[in-house]
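Enquirer: As input, take model06.tsv (TSV, C-alpha atoms and all ligand atoms):
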```tsv
chain	number	residue	atom	x	y	z
T	1	MET	CA	232.67	58.19	-3.50
T	2	GLU	CA	233.18	60.66	-6.30
T	3	ASN	CA	236.49	62.45	-6.49
T	4	PHE	CA	236.65	66.08	-5.37
T	5	LYS	CA	236.31	68.69	-8.11
T	6	SER	CA	237.16	72.38	-8.28
T	7	GLY	CA	237.48	75.22	-10.74
T	8	PHE	CA	236.97	78.83	-11.75
T	9	VAL	CA	233.64	79.85	-13.22
T	10	ALA	CA	233.39	83.25	-14.93
T	11	LEU	CA	230.07	85.10	-15.17
T	12	VAL	CA	230.25	87.04	-18.41
T	13	GLY	CA	227.76	89.05	-20.41
T	14	ARG	CA	226.67	92.51	-21.47
T	15	THR	CA	226.30	95.20	-18.85
T	16	ASN	CA	223.13	95.25	-16.71
T	17	VAL	CA	221.94	91.72	-17.61
T	18	GLY	CA	222.05	90.61	-13.96
T	19	LYS	CA	225.45	88.93	-13.51
T	20	SER	CA	226.06	90.33	-10.03
T	21	SER	CA	222.48	89.55	-8.98
T	22	ILE	CA	223.04	85.93	-10.03
T	23	LEU	CA	226.40	85.77	-8.25
T	24	ASN	CA	224.77	86.90	-5.00
T	25	GLU	CA	222.07	84.23	-5.40
T	26	LEU	CA	224.62	81.52	-6.16
T	27	VAL	CA	226.61	82.20	-3.01
T	28	GLY	CA	223.60	83.10	-0.87
T	29	GLN	CA	224.88	86.47	0.24
T	30	LYS	CA	225.33	89.96	-1.06
T	31	ILE	CA	228.88	90.22	-2.30
T	32	ALA	CA	228.59	92.27	-5.46
T	33	VAL	CA	226.55	95.46	-5.66
T	34	VAL	CA	223.53	95.53	-7.95
T	35	VAL	CA	222.16	98.67	-9.58
T	36	ASN	CA	219.79	99.25	-12.45
T	37	LYS	CA	222.39	101.22	-14.37
T	38	PRO	CA	225.01	100.02	-16.81
T	39	GLN	CA	228.64	99.51	-15.80
T	40	THR	CA	228.06	98.82	-12.13
T	41	THR	CA	230.75	96.17	-11.61
T	42	ARG	CA	234.19	97.63	-12.28
T	43	THR	CA	236.55	94.76	-11.66
T	44	THR	CA	236.48	91.02	-11.06
T	45	ILE	CA	234.99	89.81	-7.80
T	46	LYS	CA	235.58	86.31	-6.50
T	47	ALA	CA	233.00	84.40	-4.48
T	48	ILE	CA	233.38	80.81	-3.38
T	49	VAL	CA	230.80	78.07	-2.97
T	50	ASN	CA	231.83	74.96	-1.03
T	51	ARG	CA	229.85	71.80	-1.73
T	52	LYS	CA	230.19	68.24	-0.51
T	53	ASN	CA	232.18	67.13	-3.54
T	54	SER	CA	233.39	70.39	-5.02
T	55	GLN	CA	234.61	73.92	-4.58
T	56	ILE	CA	233.34	76.41	-7.14
T	57	ILE	CA	235.10	79.75	-7.43
T	58	PHE	CA	232.87	82.27	-9.17
T	59	ILE	CA	234.29	85.32	-10.88
T	60	ASP	CA	231.89	88.19	-11.46
T	61	THR	CA	233.13	90.45	-14.25
T	62	PRO	CA	232.34	93.96	-15.51
T	63	GLY	CA	229.62	94.00	-18.16
T	64	ILE	CA	230.76	94.32	-21.74
T	65	HIS	CA	229.74	97.67	-23.25
T	66	LYS	CA	230.86	100.40	-25.66
T	67	PRO	CA	233.62	102.12	-23.67
T	68	LYS	CA	233.63	105.91	-23.36
T	69	SER	CA	236.66	106.27	-21.10
T	70	LYS	CA	239.91	104.53	-20.20
T	71	LEU	CA	238.12	103.06	-17.21
T	72	GLY	CA	235.51	101.59	-19.57
T	73	THR	CA	238.21	100.10	-21.79
T	74	THR	CA	239.96	98.55	-18.79
T	75	MET	CA	236.65	97.10	-17.57
T	76	ASN	CA	235.99	95.53	-20.96
T	77	ASP	CA	239.55	94.11	-21.10
T	78	THR	CA	239.05	92.55	-17.67
T	79	ALA	CA	235.84	90.89	-18.84
T	80	TRP	CA	237.32	89.61	-22.11
T	81	GLU	CA	240.38	88.20	-20.32
T	82	SER	CA	238.21	86.24	-17.90
T	83	ILE	CA	236.89	84.05	-20.74
T	84	PRO	CA	240.07	82.16	-21.68
T	85	ASP	CA	241.10	82.03	-18.00
T	86	ALA	CA	237.96	80.24	-16.79
T	87	ASP	CA	237.35	76.49	-16.48
T	88	VAL	CA	233.63	76.94	-17.04
T	89	ILE	CA	231.81	79.98	-18.41
T	90	LEU	CA	228.38	81.17	-17.31
T	91	PHE	CA	227.25	83.31	-20.22
T	92	VAL	CA	224.44	85.55	-18.97
T	93	VAL	CA	221.97	87.15	-21.38
T	94	GLU	CA	218.64	88.92	-20.93
T	95	GLY	CA	215.60	87.03	-22.15
T	96	VAL	CA	213.81	90.17	-23.18
T	97	SER	CA	214.06	89.75	-26.96
T	98	ASN	CA	213.68	86.71	-29.18
T	99	GLU	CA	216.82	87.42	-31.18
T	100	ILE	CA	220.50	87.42	-30.32
T	101	GLY	CA	221.66	91.04	-30.10
T	102	LYS	CA	224.89	92.46	-31.49
T	103	GLY	CA	226.64	92.66	-28.12
T	104	ASP	CA	225.77	89.07	-27.26
T	105	GLN	CA	226.93	87.97	-30.71
T	106	MET	CA	230.37	89.51	-30.05
T	107	ILE	CA	230.68	87.70	-26.73
T	108	LEU	CA	229.52	84.49	-28.37
T	109	GLU	CA	232.39	84.75	-30.89
T	110	LYS	CA	234.89	84.97	-28.05
T	111	ILE	CA	233.29	81.98	-26.34
T	112	LYS	CA	233.53	79.99	-29.57
T	113	GLN	CA	237.22	80.82	-29.82
T	114	ALA	CA	237.87	79.80	-26.21
T	115	ASN	CA	235.84	76.62	-26.75
T	116	LYS	CA	235.30	76.09	-23.00
T	117	PRO	CA	232.38	74.32	-21.37
T	118	THR	CA	229.76	77.08	-21.32
T	119	ILE	CA	226.38	77.26	-19.65
T	120	LEU	CA	223.94	79.81	-21.02
T	121	ILE	CA	221.79	81.57	-18.44
T	122	ILE	CA	218.82	83.40	-19.89
T	123	ASN	CA	217.95	85.87	-17.12
T	124	LYS	CA	215.00	88.23	-16.49
T	125	ILE	CA	212.43	85.81	-17.88
T	126	ASP	CA	209.89	87.52	-15.62
T	127	LEU	CA	209.97	90.28	-18.24
T	128	SER	CA	209.31	88.07	-21.25
T	129	THR	CA	206.85	85.59	-22.71
T	130	LYS	CA	207.46	81.84	-22.88
T	131	GLU	CA	207.45	82.08	-26.66
T	132	GLN	CA	210.21	84.68	-26.67
T	133	VAL	CA	212.37	82.57	-24.37
T	134	PHE	CA	211.74	79.47	-26.47
T	135	LYS	CA	212.79	81.26	-29.68
T	136	LEU	CA	215.88	82.66	-28.00
T	137	ILE	CA	216.87	79.18	-26.79
T	138	GLU	CA	216.53	77.86	-30.35
T	139	SER	CA	218.69	80.68	-31.76
T	140	PHE	CA	221.42	80.15	-29.20
T	141	LYS	CA	221.34	76.37	-29.68
T	142	ASP	CA	222.17	76.88	-33.35
T	143	GLU	CA	225.22	78.94	-32.40
T	144	TYR	CA	227.15	76.89	-29.87
T	145	HIS	CA	227.20	73.53	-28.12
T	146	PHE	CA	226.19	74.90	-24.72
T	147	LYS	CA	226.44	72.35	-21.91
T	148	ALA	CA	223.07	73.59	-20.72
T	149	ILE	CA	220.67	76.45	-21.32
T	150	ILE	CA	218.92	77.56	-18.14
T	151	PRO	CA	216.21	80.26	-18.17
T	152	ILE	CA	215.87	82.02	-14.80
T	153	SER	CA	214.78	85.15	-13.03
T	154	ALA	CA	217.42	86.20	-10.53
T	155	LEU	CA	214.75	88.21	-8.72
T	156	LYS	CA	212.27	85.35	-8.30
T	157	LYS	CA	213.76	82.34	-6.50
T	158	PRO	CA	216.04	81.14	-9.29
T	159	GLU	CA	216.86	77.44	-9.44
T	160	ILE	CA	220.31	77.75	-7.98
T	161	GLU	CA	220.75	74.02	-7.32
T	162	VAL	CA	220.19	73.25	-11.03
T	163	ILE	CA	222.92	75.73	-12.00
T	164	LEU	CA	225.36	74.47	-9.36
T	165	GLU	CA	224.84	70.84	-10.35
T	166	GLU	CA	225.36	71.65	-14.01
T	167	ILE	CA	228.59	73.49	-13.17
T	168	GLU	CA	229.80	70.63	-10.98
T	169	LYS	CA	229.27	68.18	-13.82
T	170	ASN	CA	231.60	70.23	-15.98
T	171	LEU	CA	234.41	70.74	-13.46
T	172	LYS	CA	237.56	68.68	-13.47
T	173	GLU	CA	239.06	66.89	-10.52
T	174	GLY	CA	241.00	69.28	-8.32
T	175	PRO	CA	241.71	70.39	-4.76
T	176	ALA	CA	239.89	72.99	-2.65
T	177	TYR	CA	241.96	76.10	-3.40
T	178	TYR	CA	240.46	78.15	-0.58
T	179	SER	CA	239.66	77.37	3.04
T	180	GLU	CA	235.98	77.10	3.97
T	181	GLU	CA	235.90	80.43	5.84
T	182	GLU	CA	237.12	82.31	2.79
T	183	TYR	CA	234.03	83.10	0.77
T	184	THR	CA	235.24	86.11	-1.20
T	185	ASP	CA	238.36	88.07	-2.13
T	186	GLN	CA	236.57	91.29	-1.19
T	187	THR	CA	237.97	92.87	1.97
T	188	LEU	CA	235.69	94.57	4.47
T	189	ARG	CA	236.97	97.89	3.13
T	190	ASP	CA	236.06	96.88	-0.44
T	191	ILE	CA	232.57	95.90	0.65
T	192	VAL	CA	232.02	99.12	2.62
T	193	SER	CA	233.21	101.31	-0.25
T	194	GLU	CA	231.06	99.39	-2.73
T	195	VAL	CA	227.96	99.79	-0.56
T	196	ILE	CA	228.52	103.56	-0.48
T	197	ARG	CA	229.09	103.63	-4.25
T	198	GLU	CA	225.95	101.55	-4.79
T	199	LYS	CA	223.82	104.08	-2.91
T	200	ALA	CA	225.38	106.97	-4.81
T	201	LEU	CA	224.73	105.15	-8.10
T	202	LYS	CA	221.11	104.55	-7.14
T	203	LEU	CA	220.42	108.13	-6.12
T	204	LEU	CA	222.35	110.05	-8.77
T	205	GLN	CA	221.42	110.55	-12.42
T	206	ASP	CA	223.01	110.82	-15.84
T	207	GLU	CA	226.76	110.72	-16.19
T	208	VAL	CA	227.58	111.62	-12.56
T	209	PRO	CA	227.59	108.03	-11.19
T	210	HIS	CA	230.01	106.73	-13.81
T	211	GLY	CA	232.70	109.11	-12.57
T	212	ILE	CA	232.50	108.16	-8.92
T	213	PHE	CA	234.86	106.17	-6.80
T	214	VAL	CA	234.84	105.80	-3.05
T	215	GLU	CA	237.91	105.73	-0.86
T	216	ILE	CA	237.67	104.57	2.74
T	217	GLN	CA	239.94	106.71	4.87
T	218	LYS	CA	239.14	105.34	8.28
T	219	MET	CA	237.40	102.29	9.70
T	220	LYS	CA	237.63	101.91	13.42
T	221	LYS	CA	235.59	100.08	16.00
T	222	SER	CA	234.80	101.84	19.26
T	223	LYS	CA	232.07	102.04	21.92
T	224	THR	CA	229.20	104.49	22.23
T	225	ARG	CA	228.48	106.31	25.49
T	226	GLU	CA	226.01	103.53	26.23
T	227	ASN	CA	228.90	101.07	25.77
T	228	GLU	CA	227.50	99.66	22.53
T	229	PRO	CA	229.94	98.70	19.76
T	230	ILE	CA	230.07	101.16	16.85
T	231	PHE	CA	232.02	101.30	13.60
T	232	ASN	CA	233.36	104.75	12.78
T	233	ILE	CA	233.79	105.03	9.04
T	234	GLU	CA	235.10	107.98	7.08
T	235	ALA	CA	235.03	107.97	3.30
T	236	VAL	CA	235.60	110.28	0.37
T	237	ILE	CA	233.45	110.19	-2.74
T	238	TYR	CA	235.59	111.27	-5.68
T	239	CYS	CA	234.05	112.62	-8.85
T	240	VAL	CA	235.42	113.91	-12.16
T	241	LYS	CA	234.48	117.61	-12.04
T	242	ASP	CA	233.27	120.52	-9.91
T	243	SER	CA	229.74	120.54	-11.30
T	244	HIS	CA	229.38	116.88	-10.27
T	245	LYS	CA	230.60	117.71	-6.78
T	246	GLY	CA	227.76	120.21	-6.49
T	247	ILE	CA	225.23	117.61	-7.59
T	248	ILE	CA	226.53	114.95	-5.19
T	249	ILE	CA	226.40	117.35	-2.24
T	250	GLY	CA	223.02	118.73	-3.33
T	251	LYS	CA	221.09	121.76	-2.10
T	252	GLY	CA	222.03	122.38	1.51
T	253	GLY	CA	223.86	119.05	1.57
T	254	GLN	CA	220.62	117.12	1.08
T	255	MET	CA	221.88	114.60	-1.50
T	256	LEU	CA	225.03	113.69	0.43
T	257	LYS	CA	222.88	113.25	3.51
T	258	ARG	CA	220.58	110.86	1.67
T	259	ILE	CA	223.51	108.83	0.31
T	260	GLY	CA	224.98	108.70	3.83
T	261	THR	CA	221.77	107.59	5.53
T	262	TYR	CA	220.98	104.99	2.89
T	263	ALA	CA	224.53	103.57	3.06
T	264	ARG	CA	224.61	103.61	6.86
T	265	GLU	CA	221.35	101.64	7.11
T	266	ASP	CA	222.71	98.98	4.78
T	267	LEU	CA	226.12	98.86	6.48
T	268	GLU	CA	224.53	98.44	9.91
T	269	LYS	CA	222.77	95.34	8.56
T	270	GLU	CA	225.88	93.96	6.84
T	271	LEU	CA	228.25	94.64	9.73
T	272	GLU	CA	225.67	93.84	12.40
T	273	THR	CA	226.69	96.84	14.47
T	274	LYS	CA	225.93	100.55	14.75
T	275	VAL	CA	227.72	102.68	12.19
T	276	ASN	CA	228.79	106.29	12.29
T	277	LEU	CA	229.45	107.28	8.68
T	278	LYS	CA	231.10	110.53	7.60
T	279	LEU	CA	231.30	111.35	3.91
T	280	TRP	CA	233.21	113.97	1.98
T	281	VAL	CA	233.15	114.82	-1.72
T	282	LYS	CA	236.29	115.70	-3.67
T	283	VAL	CA	237.12	116.28	-7.31
T	284	LYS	CA	239.79	114.24	-9.04
T	285	GLU	CA	239.73	115.87	-12.44
T	286	ASP	CA	238.85	113.32	-15.17
T	287	TRP	CA	240.32	110.37	-13.22
T	288	ILE	CA	238.42	107.92	-15.44
T	289	ASN	CA	240.89	108.77	-18.21
T	290	ASN	CA	243.95	108.77	-15.97
T	291	ASP	CA	246.06	105.64	-16.51
T	292	LEU	CA	247.45	105.65	-13.00
T	293	PHE	CA	244.01	105.61	-11.45
T	294	VAL	CA	242.39	103.28	-13.88
T	295	LYS	CA	245.16	100.75	-13.21
T	296	LYS	CA	243.71	100.27	-9.72
T	297	PHE	CA	240.72	98.54	-11.27
T	298	LYS	CA	242.83	96.02	-13.09
T	299	LYS	CA	243.26	92.81	-11.14
T	300	THR	CA	246.30	90.79	-11.91
T	301	ASP	CA	245.49	87.51	-10.19
E	401	LIG	N1	213.17	92.09	-13.78
E	401	LIG	C1	214.35	91.56	-13.46
E	401	LIG	N2	215.39	92.37	-13.12
E	401	LIG	C2	216.57	91.80	-12.81
E	401	LIG	C3	216.76	90.39	-12.82
E	401	LIG	N3	218.05	90.15	-12.47
E	401	LIG	C4	218.63	91.35	-12.25
E	401	LIG	N4	217.75	92.35	-12.44
E	401	LIG	C5	217.98	93.80	-12.30
E	401	LIG	O1	218.85	94.23	-13.34
E	401	LIG	C6	219.67	95.31	-12.88
E	401	LIG	C7	221.13	95.01	-13.14
E	401	LIG	O2	221.55	93.93	-12.32
E	401	LIG	P1	223.09	93.64	-12.01
E	401	LIG	O3	223.12	92.35	-11.27
E	401	LIG	O4	223.73	94.83	-11.38
E	401	LIG	O5	223.64	93.46	-13.50
E	401	LIG	P2	225.14	93.22	-13.97
E	401	LIG	O6	225.07	92.33	-15.18
E	401	LIG	O7	225.99	92.76	-12.86
E	401	LIG	O8	225.55	94.69	-14.44
E	401	LIG	P3	227.06	95.30	-14.65
E	401	LIG	O9	227.81	95.07	-13.39
E	401	LIG	O10	226.78	96.75	-14.91
E	401	LIG	O11	227.62	94.61	-15.83
E	401	LIG	C8	219.32	95.49	-11.40
E	401	LIG	O12	218.38	96.54	-11.27
E	401	LIG	C9	218.71	94.17	-11.01
E	401	LIG	O13	217.81	94.27	-9.93
E	401	LIG	C10	215.64	89.56	-13.17
E	401	LIG	O14	215.70	88.32	-13.21
E	401	LIG	N5	214.48	90.20	-13.49
E	402	MG	MG	227.67	93.60	-12.02
```
Take the structure in the file and give it back as structure tokens.
Ligand SMILES: Nc1nc2c(ncn2[C@@H]2O[C@H](COP(=O)(O)OP(=O)(O)OP(=O)(O)O)[C@@H](O)[C@H]2O)c(=O)[nH]1
Ligand SMILES: [Mg+2]
Expert:
Amino acid sequence: MENFKSGFVALVGRTNVGKSSILNELVGQKIAVVVNKPQTTRTTIKAIVNRKNSQIIFIDTPGIHKPKSKLGTTMNDTAWESIPDADVILFVVEGVSNEIGKGDQMILEKIKQANKPTILIINKIDLSTKEQVFKLIESFKDEYHFKAIIPISALKKPEIEVILEEIEKNLKEGPAYYSEEEYTDQTLRDIVSEVIREKALKLLQDEVPHGIFVEIQKMKKSKTRENEPIFNIEAVIYCVKDSHKGIIIGKGGQMLKRIGTYAREDLEKELETKVNLKLWVKVKEDWINNDLFVKKFKKTD
């Protein structure tokens, strides 16, 4: 029998290329939120896959982008730091052009410096032609000795087994660091607050979503009058200024109601119970440039 292997695998890449979508596919459940807007993931998220002969610990990271706030800088730092810390790197790019873009080139330089086993995932191939993908593969091949280059579409039944096998090949012998029941470092509170933030991100426009964070103030199980279990959740959506507060609440409270309903429906599915969700909106003036606050998004382990 083969010896047991384990290791940390970082998903890195520019913002919005589909890292979190791929993470969710790899572990077979929704752990990280996915939104068609840049800078969705704010900190590292661990998700664990247990296989017969290995334990793979995935680390989803914030997408690398041009930072416009202290939060953005912290997010970028987190992503950069994950590269030298990983045993294997999954470098995710979008297959929508046939050339390597500037952002990807920067990340590539860091990967070259780290000189770790790296697998290139070319995502979103449903949006490109075979020719484009082929040219992109050739360009990347000239740049680095990737262990494998795997074109996928995270939205259309990606070949997860191929990716997992390729990772396993590149892991070293090691113990299972986590017990089988532990599949993520996200607490229930983290997941609930991220689901609410995801809905706000999806429904709000322009710069409003980038200044939002959600704080869960109460999460308590009780029974309804019909004796059915129900989760009572109270949360505050913080934003950076008064005008944003107005937008989040909306005319006659319409927007907040939509965010609440949308989040509740999703939470009821995730938690498999009825949910009573109460939301408030508060202003925390320019928190995205406040060191004390931004520090919360920096993970030390
Ligand atoms: N067409 C298409 N869209 C995809 C694919 N994979 C992901 N997306 C979409 O791309 C958007 C961004 O996906 P995410 O998974 O949030 O991207 P991310 O890289 O984690 O983004 P950040 O956390 O902001 O760095 C979402 O709207 C996804 O549905 C794909 O294979 N094809
Ligand atoms: Mg993400």
Enquirer: Could you give me, as an MDAnalysis selection string, the residues within 9 Å of region 47-57 of chain T, counting only C-alpha atoms and dropping anything in the same chain fewer than 4 positions from it?
Expert: chainID T and resid 1:10 23:24 26:27 31 164 167:168 171 173:178 180 182:186
Enquirer: Skipping near chain neighbours, those fewer than 2 positions away, what residues fall within 10 Å of Ile150 (chain T) using all atoms listed in the file, listed as a ChimeraX atom specification?
Expert: /T:92,119-123,137,147-148,152,158-159,162-163,166
Enquirer: When you look at region 205-211 of chain T with a cut-off of 10 Å (counting only C-alpha atoms), what residues show up, excluding the ones that are within fewer than 6 positions of it in the same chain? I need them as a list in words.
Expert: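 Final neighbour list, sorted by chain and number: Lys37, Pro38, Gln39, Thr40, Ser69, Leu71, Gly72, Arg197, Glu198, Lys199, Ile237, Tyr238, Cys239, Val240, Lys241, Ser243, His244, Lys245, Ile247, Ile248, Val283, Lys284, Glu285, Asp286, Trp287, Ile288 and Asn289 of chain T.
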Enquirer: Go through chain T and flag each residue having an atom no more than 9 Å from ligand LIG 401 (chain E); for those, report the closest pair of atoms plus their distance in Å to one decimal, using all atoms listed in the file, ordered by chain and rising number, as CSV.
Expert:
```
residue,atom,partner,partner_atom,distance
T:Leu11,CA,E:LIG401,O6,8.8
T:Val12,CA,E:LIG401,O6,8.1
T:Gly13,CA,E:LIG401,O6,6.7
T:Arg14,CA,E:LIG401,O11,6.1
T:Thr15,CA,E:LIG401,O11,3.3
T:Asn16,CA,E:LIG401,O8,3.4
T:Val17,CA,E:LIG401,O6,4.0
T:Gly18,CA,E:LIG401,O5,3.3
T:Lys19,CA,E:LIG401,O6,3.8
T:Ser20,CA,E:LIG401,O7,3.7
T:Ser21,CA,E:LIG401,O3,3.7
T:Ile22,CA,E:LIG401,O3,6.5
T:Leu23,CA,E:LIG401,O3,7.9
T:Asn24,CA,E:LIG401,O3,8.5
T:Ala32,CA,E:LIG401,O7,7.9
T:Val33,CA,E:LIG401,O4,6.4
T:Val34,CA,E:LIG401,O4,3.5
T:Val35,CA,E:LIG401,O4,4.5
T:Asn36,CA,E:LIG401,O12,3.3
T:Lys37,CA,E:LIG401,O10,6.3
T:Pro38,CA,E:LIG401,O10,4.2
T:Gln39,CA,E:LIG401,O10,3.4
T:Thr40,CA,E:LIG401,O10,3.7
T:Thr41,CA,E:LIG401,O9,3.6
T:Arg42,CA,E:LIG401,O9,7.0
T:Thr43,CA,E:LIG401,O9,8.9
T:Asp60,CA,E:LIG401,O7,7.6
T:Thr61,CA,E:LIG401,O11,7.1
T:Pro62,CA,E:LIG401,O11,4.8
T:Gly63,CA,E:LIG401,O11,3.1
T:Ile64,CA,E:LIG401,O11,6.7
T:His65,CA,E:LIG401,O11,8.3
T:Val92,CA,E:LIG401,O6,7.8
T:Val93,CA,E:LIG401,O6,8.7
T:Glu94,CA,E:LIG401,O14,8.3
T:Ile122,CA,E:LIG401,O14,8.9
T:Asn123,CA,E:LIG401,O14,5.1
T:Lys124,CA,E:LIG401,O14,3.4
T:Ile125,CA,E:LIG401,O14,6.2
T:Asp126,CA,E:LIG401,N5,5.7
T:Leu127,CA,E:LIG401,N1,5.8
T:Ile152,CA,E:LIG401,O14,6.5
T:Ser153,CA,E:LIG401,O14,3.3
T:Ala154,CA,E:LIG401,O14,3.8
T:Leu155,CA,E:LIG401,O14,4.6
T:Lys156,CA,E:LIG401,O14,6.7
T:Pro158,CA,E:LIG401,O14,8.2
```
Enquirer: Record the distance separating CA of Asp104 (chain T) and CA of Ile59 (chain T), expressed in Å with one decimal.
Expert: 18.8 Å
Enquirer: CA of Val88 (chain T) to CA of Thr118 (chain T): how many Å, to one decimal?
Expert: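 Computed distance, CA of Val88 (chain T) to CA of Thr118 (chain T), equals 5.8 Å.
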Enquirer: Between CA of Glu81 (chain T) and CA of Gln105 (chain T), measure the distance and give it in Å to one decimal.
Expert: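 CA of Gln105 (chain T) lies 17.0 Å from CA of Glu81 (chain T).
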Enquirer: May I have the centre and edge lengths, in Å to one decimal, of an axis-aligned box around the listed atoms of region 216-232 of chain T with 5 Å added to every side, as lines of an AutoDock Vina configuration file?
Expert:
```
center_x = 233.0
center_y = 102.7
center_z = 14.5
size_x = 23.9
size_y = 18.0
size_z = 33.5
```
Enquirer: Looking at T:Leu201, T:Phe293, T:Asn227, T:Ser222, which one is nearest to Ala263 (chain T), with distances taken over all atoms listed in the file?
Expert: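 So, comparing all the options, the nearest one is T:Leu201.
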Enquirer: Atoms are missing here; could region 166-182 of chain T be completed with N, CA, C and O atoms and written as an mmCIF file, in the frame of the given file?
Expert:
```
data_model
loop_
_atom_site.group_PDB
_atom_site.id
_atom_site.type_symbol
_atom_site.label_atom_id
_atom_site.label_comp_id
_atom_site.auth_asym_id
_atom_site.auth_seq_id
_atom_site.Cartn_x
_atom_site.Cartn_y
_atom_site.Cartn_z
ATOM 1 N N GLU T 166 224.882 71.626 -12.619
ATOM 2 C CA GLU T 166 225.360 71.650 -14.010
ATOM 3 C C GLU T 166 226.832 72.074 -14.053
ATOM 4 O O GLU T 166 227.633 71.494 -14.790
ATOM 5 N N ILE T 167 227.192 73.057 -13.227
ATOM 6 C CA ILE T 167 228.590 73.490 -13.170
ATOM 7 C C ILE T 167 229.463 72.337 -12.676
ATOM 8 O O ILE T 167 230.487 72.010 -13.280
ATOM 9 N N GLU T 168 229.023 71.721 -11.583
ATOM 10 C CA GLU T 168 229.800 70.630 -10.980
ATOM 11 C C GLU T 168 230.097 69.528 -11.991
ATOM 12 O O GLU T 168 231.212 69.019 -12.064
ATOM 13 N N LYS T 169 229.085 69.204 -12.793
ATOM 14 C CA LYS T 169 229.270 68.180 -13.820
ATOM 15 C C LYS T 169 230.422 68.506 -14.750
ATOM 16 O O LYS T 169 231.074 67.627 -15.281
ATOM 17 N N ASN T 170 230.607 69.796 -14.996
ATOM 18 C CA ASN T 170 231.600 70.230 -15.980
ATOM 19 C C ASN T 170 232.957 70.608 -15.392
ATOM 20 O O ASN T 170 233.838 71.059 -16.112
ATOM 21 N N LEU T 171 233.113 70.436 -14.083
ATOM 22 C CA LEU T 171 234.410 70.740 -13.460
ATOM 23 C C LEU T 171 235.307 69.514 -13.538
ATOM 24 O O LEU T 171 234.834 68.387 -13.610
ATOM 25 N N LYS T 172 236.624 69.797 -13.488
ATOM 26 C CA LYS T 172 237.560 68.680 -13.470
ATOM 27 C C LYS T 172 237.956 68.376 -12.033
ATOM 28 O O LYS T 172 237.733 69.193 -11.141
ATOM 29 N N GLU T 173 238.565 67.218 -11.847
ATOM 30 C CA GLU T 173 239.060 66.890 -10.520
ATOM 31 C C GLU T 173 240.080 67.920 -10.081
ATOM 32 O O GLU T 173 240.900 68.362 -10.891
ATOM 33 N N GLY T 174 240.035 68.295 -8.813
ATOM 34 C CA GLY T 174 241.000 69.280 -8.320
ATOM 35 C C GLY T 174 240.809 69.505 -6.846
ATOM 36 O O GLY T 174 239.790 69.077 -6.275
ATOM 37 N N PRO T 175 241.775 70.174 -6.205
ATOM 38 C CA PRO T 175 241.710 70.390 -4.760
ATOM 39 C C PRO T 175 240.843 71.597 -4.402
ATOM 40 O O PRO T 175 240.503 72.391 -5.280
ATOM 41 N N ALA T 176 240.527 71.748 -3.121
ATOM 42 C CA ALA T 176 239.890 72.990 -2.650
ATOM 43 C C ALA T 176 241.009 74.038 -2.583
ATOM 44 O O ALA T 176 241.987 73.857 -1.862
ATOM 45 N N TYR T 177 240.904 75.087 -3.373
ATOM 46 C CA TYR T 177 241.960 76.100 -3.400
ATOM 47 C C TYR T 177 241.874 77.046 -2.205
ATOM 48 O O TYR T 177 242.839 77.656 -1.804
ATOM 49 N N TYR T 178 240.675 77.197 -1.674
ATOM 50 C CA TYR T 178 240.460 78.150 -0.580
ATOM 51 C C TYR T 178 239.912 77.423 0.643
ATOM 52 O O TYR T 178 239.214 76.421 0.508
ATOM 53 N N SER T 179 240.211 77.970 1.820
ATOM 54 C CA SER T 179 239.660 77.370 3.040
ATOM 55 C C SER T 179 238.176 77.724 3.124
ATOM 56 O O SER T 179 237.720 78.679 2.500
ATOM 57 N N GLU T 180 237.443 76.940 3.924
ATOM 58 C CA GLU T 180 235.980 77.100 3.970
ATOM 59 C C GLU T 180 235.528 78.476 4.442
ATOM 60 O O GLU T 180 234.456 78.931 4.070
ATOM 61 N N GLU T 181 236.329 79.116 5.302
ATOM 62 C CA GLU T 181 235.900 80.430 5.840
ATOM 63 C C GLU T 181 236.024 81.526 4.783
ATOM 64 O O GLU T 181 235.405 82.569 4.880
ATOM 65 N N GLU T 182 236.889 81.288 3.797
ATOM 66 C CA GLU T 182 237.120 82.310 2.790
ATOM 67 C C GLU T 182 236.011 82.253 1.752
ATOM 68 O O GLU T 182 235.966 81.329 0.956
#
```
